[in-house]
file model-v7.txt (compact mmCIF, C-alpha atoms)
# COMPACT_ATOMS: atom_id res chain seq x y z
CA MET P 244 26.40 9.37 37.91
CA LYS P 245 24.14 9.70 34.88
CA ASN P 246 23.47 12.85 32.93
CA SER P 247 20.27 13.89 31.24
CA ASP P 248 20.98 11.66 28.25
CA GLU P 249 21.29 8.72 30.60
CA GLU P 250 24.88 8.21 29.52
CA GLU P 251 27.51 7.37 32.06
CA VAL P 252 29.58 10.21 33.52
CA GLN P 253 32.67 9.05 35.36
CA VAL P 254 34.95 11.03 37.63
CA PHE P 255 38.57 9.93 38.05
CA LYS P 256 40.40 11.19 41.11
CA ARG P 257 43.88 9.80 40.76
CA LEU P 258 46.82 9.63 43.10
CA ASN P 259 49.07 12.66 42.60
CA ARG P 260 52.11 10.78 41.30
CA MET P 261 53.74 13.91 39.97
CA LYS P 262 53.97 15.37 43.46
CA ILE P 263 55.50 12.13 44.71
CA LYS P 264 57.95 12.20 41.80
CA MET P 265 58.96 15.69 42.91
CA GLY P 266 59.92 14.16 46.25
CA ARG P 267 56.92 15.38 48.24
CA GLU P 268 54.11 13.65 50.09
CA LYS P 269 50.99 13.42 47.95
CA ASP P 270 49.12 15.75 50.30
CA ALA P 271 51.99 18.15 50.92
CA ARG P 272 51.27 21.84 50.64
CA PRO P 273 51.76 23.57 47.27
CA GLY P 274 55.38 23.99 46.23
CA ARG P 275 57.12 26.61 44.15
CA ILE P 276 59.83 27.10 41.58
CA ASP P 277 62.90 28.84 42.87
CA GLU P 278 62.64 32.64 42.43
CA LYS P 279 66.24 32.81 41.25
CA ALA P 280 65.45 30.36 38.45
CA ILE P 281 62.44 32.46 37.46
CA GLU P 282 64.57 35.60 37.41
CA GLU P 283 67.18 33.80 35.31
CA ALA P 284 64.51 32.64 32.86
CA ASP P 285 63.10 36.14 32.61
CA ALA P 286 66.57 37.49 31.86
CA MET P 287 66.79 34.98 28.99
CA LEU P 288 63.43 36.17 27.75
CA VAL P 289 64.62 39.77 27.73
CA ALA P 290 67.86 38.82 25.93
CA LEU P 291 65.97 36.89 23.24
CA CYS P 292 63.47 39.70 22.80
CA ALA P 293 66.36 42.10 22.15
CA GLU P 294 66.91 40.13 18.93
CA CYS P 295 63.26 40.45 18.03
CA PRO P 296 63.42 43.50 15.71
CA ASN P 297 66.14 41.86 13.60
CA ALA P 298 64.17 38.63 13.40
CA ILE P 299 60.92 40.37 12.41
CA GLY P 300 62.73 42.54 9.88
CA GLY P 301 64.26 39.46 8.29
CA TYR P 302 60.95 37.64 8.12
CA LEU P 303 59.19 40.66 6.62
CA SER P 304 61.80 40.81 3.84
CA GLU P 305 61.25 37.10 3.22
CA LEU P 306 57.50 37.61 3.04
CA SER P 307 57.86 40.44 0.51
CA LYS P 308 60.22 38.37 -1.62
CA ASN P 309 57.90 35.36 -1.54
CA TRP P 310 54.90 37.50 -2.38
CA GLU P 311 56.69 38.99 -5.39
CA GLU P 312 57.27 35.47 -6.67
CA MET P 313 53.75 34.29 -5.90
CA ARG P 314 51.65 37.30 -6.82
CA ASP P 315 51.27 36.65 -10.55
CA LEU P 316 51.59 32.90 -10.59
CA PRO P 317 48.53 30.97 -11.76
CA GLU P 318 47.06 28.24 -9.55
CA SER P 319 49.77 25.60 -9.48
CA SER P 320 51.82 23.49 -7.12
CA GLU P 321 54.52 26.15 -7.30
CA ARG P 322 52.06 28.80 -6.11
CA GLN P 323 50.89 26.46 -3.34
CA ASN P 324 54.47 25.83 -2.19
CA ILE P 325 55.18 29.55 -1.90
CA SER P 326 51.86 30.03 -0.14
CA ASP P 327 52.87 27.38 2.41
CA VAL P 328 56.17 29.16 3.04
CA MET P 329 54.35 32.48 3.50
CA PHE P 330 51.90 30.82 5.91
CA THR P 331 54.78 29.56 8.05
CA THR P 332 56.61 32.89 7.94
CA ALA P 333 53.49 34.84 8.92
CA HIS P 334 52.88 32.37 11.74
CA GLU P 335 56.45 32.88 12.95
CA ILE P 336 56.08 36.68 12.87
CA LYS P 337 52.85 36.36 14.86
CA ASP P 338 54.62 34.32 17.54
CA ILE P 339 57.70 36.51 17.79
CA GLY P 340 55.76 39.75 17.55
CA SER P 341 53.31 38.89 20.28
CA MET P 342 56.06 37.53 22.46
CA CYS P 343 58.17 40.66 22.29
CA GLY P 344 55.53 43.36 22.36
CA TYR P 345 55.05 43.96 18.61
CA ASP P 346 51.34 43.43 19.01
CA LEU P 347 50.22 45.25 15.89
CA THR P 348 52.67 43.38 13.64
CA ALA P 349 51.52 40.16 15.29
CA TYR P 350 47.90 41.12 14.67
CA PHE P 351 48.48 41.60 10.94
CA ALA P 352 50.68 38.52 10.72
CA GLU P 353 47.92 36.37 12.19
CA SER P 354 45.36 37.83 9.82
CA LEU P 355 47.71 37.37 6.84
CA ARG P 356 48.37 33.78 7.86
CA ASP P 357 44.65 33.11 7.81
CA TYR P 358 44.10 34.78 4.44
CA ILE P 359 47.08 33.34 2.63
CA GLN P 360 45.35 30.00 2.37
CA HIS P 361 41.85 31.20 1.58
CA THR P 362 41.76 29.46 -1.74
CA GLU P 363 38.15 30.38 -2.34
CA LEU P 364 39.25 33.96 -2.95
CA ASN P 365 39.83 34.84 -6.57
CA MET P 366 43.30 35.92 -7.57
CA ASP P 367 42.51 39.64 -7.70
CA ALA P 368 40.92 39.63 -4.28
CA GLN P 369 43.77 37.68 -2.75
CA ARG P 370 46.27 40.02 -4.39
CA VAL P 371 44.71 43.12 -2.82
CA ILE P 372 44.11 41.60 0.61
CA ILE P 373 47.59 40.15 0.97
CA GLN P 374 49.25 43.29 -0.32
CA ALA P 375 47.26 45.36 2.20
CA HIS P 376 48.48 43.12 5.01
CA LEU P 377 52.10 43.28 3.89
CA ASP P 378 52.00 47.06 3.56
CA ALA P 379 50.41 47.46 6.99
CA MET P 380 52.99 45.18 8.59
CA GLN P 381 55.84 47.10 7.00
CA VAL P 382 54.44 50.42 8.19
CA ALA P 383 53.81 49.11 11.71
CA PHE P 384 57.32 47.71 11.93
CA LYS P 385 59.21 50.61 10.34
CA GLU P 386 57.28 53.24 12.29
CA ASN P 387 57.71 51.16 15.43
CA ILE P 388 53.99 51.09 16.16
CA LYS P 389 53.84 48.28 18.68
CA ASP P 390 50.53 48.73 20.45
CA ASP P 391 47.59 47.28 18.55
CA GLU P 392 45.04 49.64 20.09
CA SER P 393 46.58 53.09 19.51
CA PRO P 394 44.83 55.52 17.10
CA LEU P 395 47.54 54.88 14.47
CA ALA P 396 47.12 51.15 14.87
CA GLU P 397 43.36 51.48 14.50
CA GLU P 398 43.91 53.51 11.33
CA LEU P 399 46.10 50.78 9.82
CA LYS P 400 43.65 48.09 10.83
CA LYS P 401 40.88 50.08 9.12
CA VAL P 402 42.84 50.20 5.86
CA VAL P 403 43.29 46.43 5.88
CA LYS P 404 39.68 45.88 6.90
CA ILE P 405 38.48 47.97 3.96
CA ALA P 406 40.55 45.83 1.58
CA ILE P 407 39.14 42.66 3.13
CA GLU P 408 35.53 43.85 3.06
CA LYS P 409 35.79 45.11 -0.50
CA TYR P 410 37.34 42.04 -2.01
CA ARG P 411 36.19 39.16 0.14
CA MET N 119 40.38 24.65 57.89
CA ASN N 120 42.96 27.10 56.59
CA VAL N 121 46.54 26.43 57.61
CA THR N 122 48.93 29.35 57.83
CA TYR N 123 52.57 28.64 57.02
CA HIS N 124 55.27 30.97 58.23
CA GLU N 125 57.96 29.67 55.92
CA PRO N 126 57.65 29.44 52.12
CA PRO N 127 57.68 25.87 50.84
CA PRO N 128 61.02 24.60 49.59
CA PRO N 129 61.43 24.93 45.82
CA TYR N 130 60.70 21.92 43.67
CA ASP N 131 63.56 19.92 42.29
CA LEU N 132 62.46 19.50 38.68
CA SER N 133 65.46 17.42 37.65
CA ASN N 134 63.22 14.32 37.56
CA LEU N 135 60.70 16.00 35.31
CA THR N 136 60.42 15.28 31.58
CA VAL N 137 58.65 17.86 29.45
CA LEU N 138 57.64 17.33 25.85
CA LEU N 139 57.68 20.70 24.11
CA VAL N 140 55.70 20.87 20.86
CA GLU N 141 56.28 24.11 18.98
CA ASP N 142 56.81 24.83 15.30
CA SER N 143 58.42 28.24 15.77
CA GLU N 144 62.17 27.91 16.25
CA TYR N 145 62.23 31.18 18.10
CA MET N 146 59.53 30.17 20.58
CA MET N 147 61.06 26.71 20.93
CA SER N 148 64.42 28.23 21.84
CA LEU N 149 62.76 30.60 24.29
CA MET N 150 60.71 27.92 26.02
CA SER N 151 63.61 25.44 26.17
CA SER N 152 65.82 28.10 27.75
CA MET N 153 63.21 28.88 30.37
CA LEU N 154 62.65 25.21 31.20
CA LYS N 155 66.41 24.70 31.46
CA ALA N 156 66.61 27.66 33.84
CA PHE N 157 64.01 25.87 35.98
CA SER N 158 66.37 22.84 35.95
CA VAL N 159 63.85 20.58 34.20
CA GLY N 160 65.64 17.25 33.79
CA ASP N 161 64.63 16.28 30.26
CA ILE N 162 63.22 18.51 27.56
CA LEU N 163 62.07 16.65 24.47
CA THR N 164 61.25 18.87 21.53
CA CYS N 165 59.36 18.48 18.27
CA LYS N 166 57.64 20.65 15.71
CA ASN N 167 54.10 19.36 15.42
CA ALA N 168 51.50 16.91 16.67
CA ASN N 169 52.59 14.11 14.37
CA GLU N 170 56.16 14.23 15.65
CA ALA N 171 54.88 14.45 19.24
CA ILE N 172 52.70 11.38 18.74
CA GLY N 173 55.77 9.55 17.41
CA ILE N 174 57.79 10.48 20.50
CA LEU N 175 54.98 9.54 22.90
CA THR N 176 54.47 6.22 21.14
CA ILE N 177 58.16 5.39 21.44
CA THR N 178 58.44 6.43 25.08
CA GLN N 179 55.36 4.38 25.97
CA ALA N 180 56.53 1.34 24.05
CA ARG N 181 59.94 1.45 25.67
CA LYS N 182 59.05 2.76 29.09
CA LYS N 183 60.69 -0.13 30.86
CA SER N 184 64.05 0.79 29.38
CA ARG N 185 66.20 2.81 31.72
CA PHE N 186 67.31 4.91 28.76
CA VAL N 187 63.83 6.16 27.99
CA THR N 188 62.05 8.54 30.32
CA ASP N 189 58.30 8.91 30.56
CA VAL N 190 56.90 12.25 29.55
CA ASP N 191 55.40 14.01 32.59
CA ILE N 192 54.00 17.16 31.01
CA ILE N 193 53.22 18.16 27.43
CA VAL N 194 53.55 21.84 26.58
CA THR N 195 52.10 22.46 23.13
CA ASP N 196 51.36 25.23 20.70
CA TRP N 197 47.87 25.25 19.16
CA LEU N 198 48.25 25.95 15.47
CA MET N 199 51.13 24.11 13.83
CA PRO N 200 51.55 23.02 10.24
CA GLY N 201 51.87 19.23 10.13
CA GLY N 202 49.56 18.48 13.07
CA SER N 203 47.90 20.91 15.45
CA GLY N 204 47.71 21.07 19.22
CA GLU N 205 44.05 20.11 18.89
CA GLU N 206 44.97 16.87 17.11
CA LEU N 207 47.61 16.10 19.73
CA ILE N 208 45.23 16.66 22.66
CA ASP N 209 42.56 14.52 20.98
CA TRP N 210 45.06 11.71 20.41
CA VAL N 211 46.36 11.79 23.98
CA ARG N 212 42.92 11.94 25.61
CA ALA N 213 41.62 9.07 23.47
CA HIS N 214 44.61 6.81 24.14
CA GLU N 215 43.92 3.42 25.68
CA ASP N 216 46.98 3.60 27.94
CA ASP N 217 46.16 5.47 31.16
CA ALA N 218 49.75 6.70 31.46
CA LEU N 219 49.14 8.70 28.31
CA ARG N 220 45.53 9.71 28.43
CA PHE N 221 45.83 11.34 31.86
CA LEU N 222 48.99 13.28 30.91
CA PRO N 223 48.89 16.95 31.88
CA ILE N 224 48.81 19.21 28.84
CA ILE N 225 49.61 22.91 28.91
CA LEU N 226 48.52 24.91 25.88
CA MET N 227 51.04 27.59 25.03
CA SER N 228 50.14 30.11 22.43
CA ALA N 229 51.02 33.66 21.69
CA TYR N 230 48.29 36.07 20.67
CA THR N 231 45.66 33.57 21.72
CA THR N 232 41.99 34.36 21.64
CA GLU N 233 39.50 33.26 24.27
CA LYS N 234 37.97 31.03 21.61
CA VAL N 235 41.22 29.07 21.29
CA ILE N 236 41.52 28.73 25.07
CA ALA N 237 37.94 27.49 25.31
CA MET N 238 38.54 25.03 22.47
CA ALA N 239 41.72 23.73 24.08
CA ARG N 240 39.91 23.30 27.40
CA ASP N 241 37.02 21.49 25.70
CA HIS N 242 39.46 19.14 24.00
CA GLY N 243 41.06 18.33 27.37
CA ALA N 244 43.97 20.72 27.98
CA ASN N 245 44.77 21.22 31.66
CA GLU N 246 46.17 24.72 31.57
CA SER N 247 46.66 27.57 29.12
CA LEU N 248 49.71 29.74 28.89
CA VAL N 249 48.99 32.89 26.97
CA LYS N 250 50.39 36.25 26.08
CA PRO N 251 52.20 37.90 27.69
CA LEU N 252 54.36 34.85 28.24
CA SER N 253 56.68 35.16 31.21
CA ALA N 254 58.84 32.89 33.29
CA LYS N 255 56.53 33.52 36.22
CA SER N 256 53.44 32.42 34.30
CA LEU N 257 55.20 29.29 33.01
CA ALA N 258 56.35 28.44 36.55
CA ALA N 259 52.81 28.99 37.84
CA ARG N 260 51.33 26.59 35.26
CA ILE N 261 53.91 23.90 36.05
CA CYS N 262 53.21 24.25 39.79
CA MET N 263 49.48 24.14 39.13
CA VAL N 264 49.86 20.85 37.27
CA ILE N 265 51.98 19.40 40.10
CA ASP N 266 49.99 20.74 43.03
CA ASN N 267 46.41 20.79 41.84
CA PRO N 268 45.71 18.02 39.38
CA ARG N 269 42.01 18.33 38.67
CA PRO N 270 39.89 15.18 38.59
CA PHE N 271 39.29 13.83 35.11
CA ILE N 272 35.79 13.60 33.74
CA GLN N 273 34.55 11.03 31.27
CA ALA N 274 31.29 12.32 29.83
CA PRO N 275 29.53 12.01 26.50
CA GLY N 276 31.76 13.79 24.01
CA PHE N 277 34.40 14.75 26.56
CA PHE N 278 37.33 13.26 28.36
CA GLY N 279 39.67 15.54 30.21
CA PRO N 280 40.33 17.52 33.37
CA ASP N 281 37.24 18.85 35.13
CA ARG N 282 36.47 22.12 33.39
CA ARG N 283 35.12 23.67 36.56
CA ARG N 284 37.95 25.44 38.33
CA GLN N 285 36.37 25.53 41.76
CA GLU N 286 33.67 23.89 43.77
CA MET N 287 30.62 26.11 43.95
CA VAL N 288 29.75 26.88 47.54
CA PRO N 289 26.27 28.36 47.90
CA SER N 290 26.19 31.74 49.59
CA GLY N 291 23.47 33.00 51.91
CA GLU N 292 21.14 31.18 54.24
CA ASP N 293 20.96 27.39 53.99
CA ARG N 294 17.30 26.74 53.18
CA ARG N 295 17.55 23.01 52.55
CA LYS N 296 14.92 20.98 54.38
CA MET N 297 17.20 17.96 54.56
CA ARG N 298 20.97 17.78 54.85
CA THR N 299 23.04 15.61 52.51
CA GLU N 300 23.57 13.00 55.23
CA GLN N 301 19.85 12.88 55.94
CA ILE N 302 19.08 12.41 52.24
CA ARG N 303 21.61 9.57 52.11
CA GLU N 304 20.08 7.92 55.18
CA HIS N 305 16.62 8.43 53.76
CA ASN N 306 17.64 6.86 50.45
CA GLU N 307 19.26 3.91 52.17
CA LYS N 308 16.01 3.17 54.03
CA LEU N 309 14.04 3.08 50.79

call {"tool": "encode", "arguments": {"input": "model-v7.txt", "output": "structure tokens"}}
result
Amino acid sequence: MKNSDEEEVQVFKRLNRMKIKMGREKDARPGRIDEKAIEEADAMLVALCAECPNAIGGYLSELSKNWEEMRDLPESSERQNISDVMFTTAHEIKDIGSMCGYDLTAYFAESLRDYIQHTELNMDAQRVIIQAHLDAMQVAFKENIKDDESPLAEELKKVVKIAIEKYR
Amino acid sequence: MNVTYHEPPPPYDLSNLTVLLVEDSEYMMSLMSSMLKAFSVGDILTCKNANEAIGILTITQARKKSRFVTDVDIIVTDWLMPGGSGEELIDWVRAHEDDALRFLPIILMSAYTTEKVIAMARDHGANESLVKPLSAKSLAARICMVIDNPRPFIQAPGFFGPDRRRQEMVPSGEDRRKMRTEQIREHNEKL
């Protein structure tokens, strides 16, 4: 088959080896994963999510500590190293938060992660934007505002947005 | 023809399955590993980024004849990871010269994922996406999808990966074609 650019388009329909590896005929009807195993896995998910507030709290403290160290440092490898640590921590908070229903914290963590390495921002701008993110995350977490679409959540998002718009 | 089954199919025995889990978050890694273990997945290989995953895949391919090394059957990967992203991993796999690698099923797993990321992953050649809210049921569904419905692969300019169309488009309404497909074929053969 040729497309409009007259370049070759090939279609590969391969033998379903995975199905055979699972001990079924290649054309056998769709299978399933045992419901008991799914229930067991969901129970693990719930148990791990019970640890979520502690984990997020710990990461937020780390972020604040790192930011205190980084805030007034001039451009340097030391500043870059702390920035890398903050990037990873924010990324971790985003993952845990969204996994366990802390959507608003996850929202700010993702945004912070993206801003922490915007090196084109001048120091003052970065200082305000990052601080706004950290403050919003602390408020969301301490006030237990999980939903990222509630009026309170929208209010917090607005505060951070203003900081971003003003200093970007 | 639709076939109706009165009994549910027997559950899959996943003890022969090897999953490569690529995830930088320890928390998510632990969560995903636990769920895969609950599904009785035989081997779960783990690493933190694309570069490590490429290392593992290179070793398993190079030593695939050894009885101590198992082939990876499914890759489950995060998208954004420091030290090599999911995008880089998918590109590497889909461009590999070894068919055993380049046709490998890849499931993108990402929390708080936007539609843009899902579209990007699909356009780079991911088979399935596993997004928030992550649950054991959704993970099981993606694994079954990869086993039961492997989509054909398409090699086109600028793309190699599973067919991005999820279903065959069947025209609705009255058939107004003047010639049927078979007639067109016959007609063409006569020419």

call {"tool": "residues_around", "arguments": {"input": "model-v7.txt", "residues": "N:Ser203", "least_positions_apart": "5", "cutoff": "12 Å", "atoms": "all atoms listed in the file", "output": "VMD selection string"}}
result
chain N and resid 140 to 142 166 to 172 195 to 198 208 to 210 226 228 239

call {"tool": "write_last_selection", "arguments": {"input": "model-v7.txt", "atoms": "C-alpha atoms", "output": "short mmCIF file (atom, residue, chain, number, x, y, z; two decimals), in the coordinates of the input"}}
result
data_model
loop_
_atom_site.label_atom_id
_atom_site.label_comp_id
_atom_site.auth_asym_id
_atom_site.auth_seq_id
_atom_site.Cartn_x
_atom_site.Cartn_y
_atom_site.Cartn_z
CA VAL N 140 55.70 20.87 20.86
CA GLU N 141 56.28 24.11 18.98
CA ASP N 142 56.81 24.83 15.30
CA LYS N 166 57.64 20.65 15.71
CA ASN N 167 54.10 19.36 15.42
CA ALA N 168 51.50 16.91 16.67
CA ASN N 169 52.59 14.11 14.37
CA GLU N 170 56.16 14.23 15.65
CA ALA N 171 54.88 14.45 19.24
CA ILE N 172 52.70 11.38 18.74
CA THR N 195 52.10 22.46 23.13
CA ASP N 196 51.36 25.23 20.70
CA TRP N 197 47.87 25.25 19.16
CA LEU N 198 48.25 25.95 15.47
CA ILE N 208 45.23 16.66 22.66
CA ASP N 209 42.56 14.52 20.98
CA TRP N 210 45.06 11.71 20.41
CA LEU N 226 48.52 24.91 25.88
CA SER N 228 50.14 30.11 22.43
CA ALA N 239 41.72 23.73 24.08
#

call {"tool": "residues_near_point", "arguments": {"input": "model-v7.txt", "point": "(67.2, 31.1, 34.8)", "cutoff": "9 Å", "atoms": "all atoms listed in the file", "output": "PyMOL selection string"}}
result
(chain P and resi 279-287) or (chain N and resi 152-158+254)

call {"tool": "closest_atom_pairs", "arguments": {"input": "model-v7.txt", "of": "chain P", "to": "chain N", "cutoff": "6 Å", "atoms": "all atoms listed in the file", "output": "JSON lines"}}
result
{"residue": "P:Val252", "atom": "CA", "partner": "N:Ala274", "partner_atom": "CA", "distance": 4.6}
{"residue": "P:Gln253", "atom": "CA", "partner": "N:Gln273", "partner_atom": "CA", "distance": 4.9}
{"residue": "P:Val254", "atom": "CA", "partner": "N:Ile272", "partner_atom": "CA", "distance": 4.7}
{"residue": "P:Phe255", "atom": "CA", "partner": "N:Phe271", "partner_atom": "CA", "distance": 4.9}
{"residue": "P:Lys256", "atom": "CA", "partner": "N:Pro270", "partner_atom": "CA", "distance": 4.7}
{"residue": "P:Met261", "atom": "CA", "partner": "N:Ile265", "partner_atom": "CA", "distance": 5.8}
{"residue": "P:Lys262", "atom": "CA", "partner": "N:Ile265", "partner_atom": "CA", "distance": 5.6}
{"residue": "P:Pro273", "atom": "CA", "partner": "N:Asp266", "partner_atom": "CA", "distance": 5.4}
{"residue": "P:Gly274", "atom": "CA", "partner": "N:Pro127", "partner_atom": "CA", "distance": 5.5}
{"residue": "P:Arg275", "atom": "CA", "partner": "N:Pro129", "partner_atom": "CA", "distance": 4.9}
{"residue": "P:Ile276", "atom": "CA", "partner": "N:Pro129", "partner_atom": "CA", "distance": 5.0}
{"residue": "P:Asp277", "atom": "CA", "partner": "N:Pro129", "partner_atom": "CA", "distance": 5.1}
{"residue": "P:Ala280", "atom": "CA", "partner": "N:Phe157", "partner_atom": "CA", "distance": 5.3}
{"residue": "P:Ile281", "atom": "CA", "partner": "N:Ala254", "partner_atom": "CA", "distance": 5.5}
{"residue": "P:Ala284", "atom": "CA", "partner": "N:Met153", "partner_atom": "CA", "distance": 4.7}
{"residue": "P:Asp285", "atom": "CA", "partner": "N:Ala254", "partner_atom": "CA", "distance": 5.4}
{"residue": "P:Glu335", "atom": "CA", "partner": "N:Ser143", "partner_atom": "CA", "distance": 5.8}
{"residue": "P:Asp338", "atom": "CA", "partner": "N:Ala229", "partner_atom": "CA", "distance": 5.5}
{"residue": "P:Ser341", "atom": "CA", "partner": "N:Tyr230", "partner_atom": "CA", "distance": 5.8}

call {"tool": "atom_distance", "arguments": {"input": "model-v7.txt", "atom1": "atom CA of P:Thr348", "atom2": "atom CA of P:Met380"}}
result
5.4 Å

call {"tool": "closest_residue", "arguments": {"input": "model-v7.txt", "among": "P:Gln360, P:Ser354, P:Thr332, P:Gln369", "to": "P:Lys400", "atoms": "only C-alpha atoms"}}
result
P:Ser354

call {"tool": "atom_distance", "arguments": {"input": "model-v7.txt", "atom1": "atom CA of P:Ala383", "atom2": "atom CA of P:Asp327"}}
result
23.7 Å

call {"tool": "build_atoms", "arguments": {"input": "model-v7.txt", "residues": "stretch 250-265 of chain N", "atoms": "N, CA and C atoms", "output": "PDB file, in the coordinates of the input"}}
result
ATOM      1  N   LYS N 250      49.730  34.952  26.103  1.00  0.00           N
ATOM      2  CA  LYS N 250      50.390  36.250  26.080  1.00  0.00           C
ATOM      3  C   LYS N 250      49.923  37.145  27.230  1.00  0.00           C
ATOM      4  N   PRO N 251      50.752  37.884  27.897  1.00  0.00           N
ATOM      5  CA  PRO N 251      52.200  37.900  27.690  1.00  0.00           C
ATOM      6  C   PRO N 251      52.865  36.736  28.428  1.00  0.00           C
ATOM      7  N   LEU N 252      53.668  35.997  27.669  1.00  0.00           N
ATOM      8  CA  LEU N 252      54.360  34.850  28.240  1.00  0.00           C
ATOM      9  C   LEU N 252      55.473  35.364  29.158  1.00  0.00           C
ATOM     10  N   SER N 253      55.583  34.766  30.313  1.00  0.00           N
ATOM     11  CA  SER N 253      56.680  35.160  31.210  1.00  0.00           C
ATOM     12  C   SER N 253      57.125  33.932  31.969  1.00  0.00           C
ATOM     13  N   ALA N 254      58.319  34.028  32.525  1.00  0.00           N
ATOM     14  CA  ALA N 254      58.840  32.890  33.290  1.00  0.00           C
ATOM     15  C   ALA N 254      57.930  32.613  34.481  1.00  0.00           C
ATOM     16  N   LYS N 255      57.392  33.683  35.056  1.00  0.00           N
ATOM     17  CA  LYS N 255      56.530  33.520  36.220  1.00  0.00           C
ATOM     18  C   LYS N 255      55.257  32.749  35.846  1.00  0.00           C
ATOM     19  N   SER N 256      54.685  33.099  34.688  1.00  0.00           N
ATOM     20  CA  SER N 256      53.440  32.420  34.300  1.00  0.00           C
ATOM     21  C   SER N 256      53.707  30.960  33.941  1.00  0.00           C
ATOM     22  N   LEU N 257      54.853  30.692  33.323  1.00  0.00           N
ATOM     23  CA  LEU N 257      55.200  29.290  33.010  1.00  0.00           C
ATOM     24  C   LEU N 257      55.391  28.506  34.310  1.00  0.00           C
ATOM     25  N   ALA N 258      56.120  29.105  35.250  1.00  0.00           N
ATOM     26  CA  ALA N 258      56.350  28.440  36.550  1.00  0.00           C
ATOM     27  C   ALA N 258      55.029  28.170  37.251  1.00  0.00           C
ATOM     28  N   ALA N 259      54.118  29.151  37.176  1.00  0.00           N
ATOM     29  CA  ALA N 259      52.810  28.990  37.840  1.00  0.00           C
ATOM     30  C   ALA N 259      52.030  27.823  37.243  1.00  0.00           C
ATOM     31  N   ARG N 260      52.070  27.692  35.906  1.00  0.00           N
ATOM     32  CA  ARG N 260      51.330  26.590  35.260  1.00  0.00           C
ATOM     33  C   ARG N 260      51.929  25.237  35.629  1.00  0.00           C
ATOM     34  N   ILE N 261      53.255  25.172  35.687  1.00  0.00           N
ATOM     35  CA  ILE N 261      53.910  23.900  36.050  1.00  0.00           C
ATOM     36  C   ILE N 261      53.531  23.538  37.495  1.00  0.00           C
ATOM     37  N   CYS N 262      53.588  24.518  38.384  1.00  0.00           N
ATOM     38  CA  CYS N 262      53.210  24.250  39.790  1.00  0.00           C
ATOM     39  C   CYS N 262      51.758  23.848  39.895  1.00  0.00           C
ATOM     40  N   MET N 263      50.915  24.469  39.110  1.00  0.00           N
ATOM     41  CA  MET N 263      49.480  24.140  39.130  1.00  0.00           C
ATOM     42  C   MET N 263      49.273  22.678  38.760  1.00  0.00           C
ATOM     43  N   VAL N 264      49.984  22.239  37.731  1.00  0.00           N
ATOM     44  CA  VAL N 264      49.860  20.850  37.270  1.00  0.00           C
ATOM     45  C   VAL N 264      50.370  19.876  38.346  1.00  0.00           C
ATOM     46  N   ILE N 265      51.430  20.277  39.051  1.00  0.00           N
ATOM     47  CA  ILE N 265      51.980  19.400  40.100  1.00  0.00           C
ATOM     48  C   ILE N 265      51.097  19.413  41.348  1.00  0.00           C
TER      49      ILE N 265
END
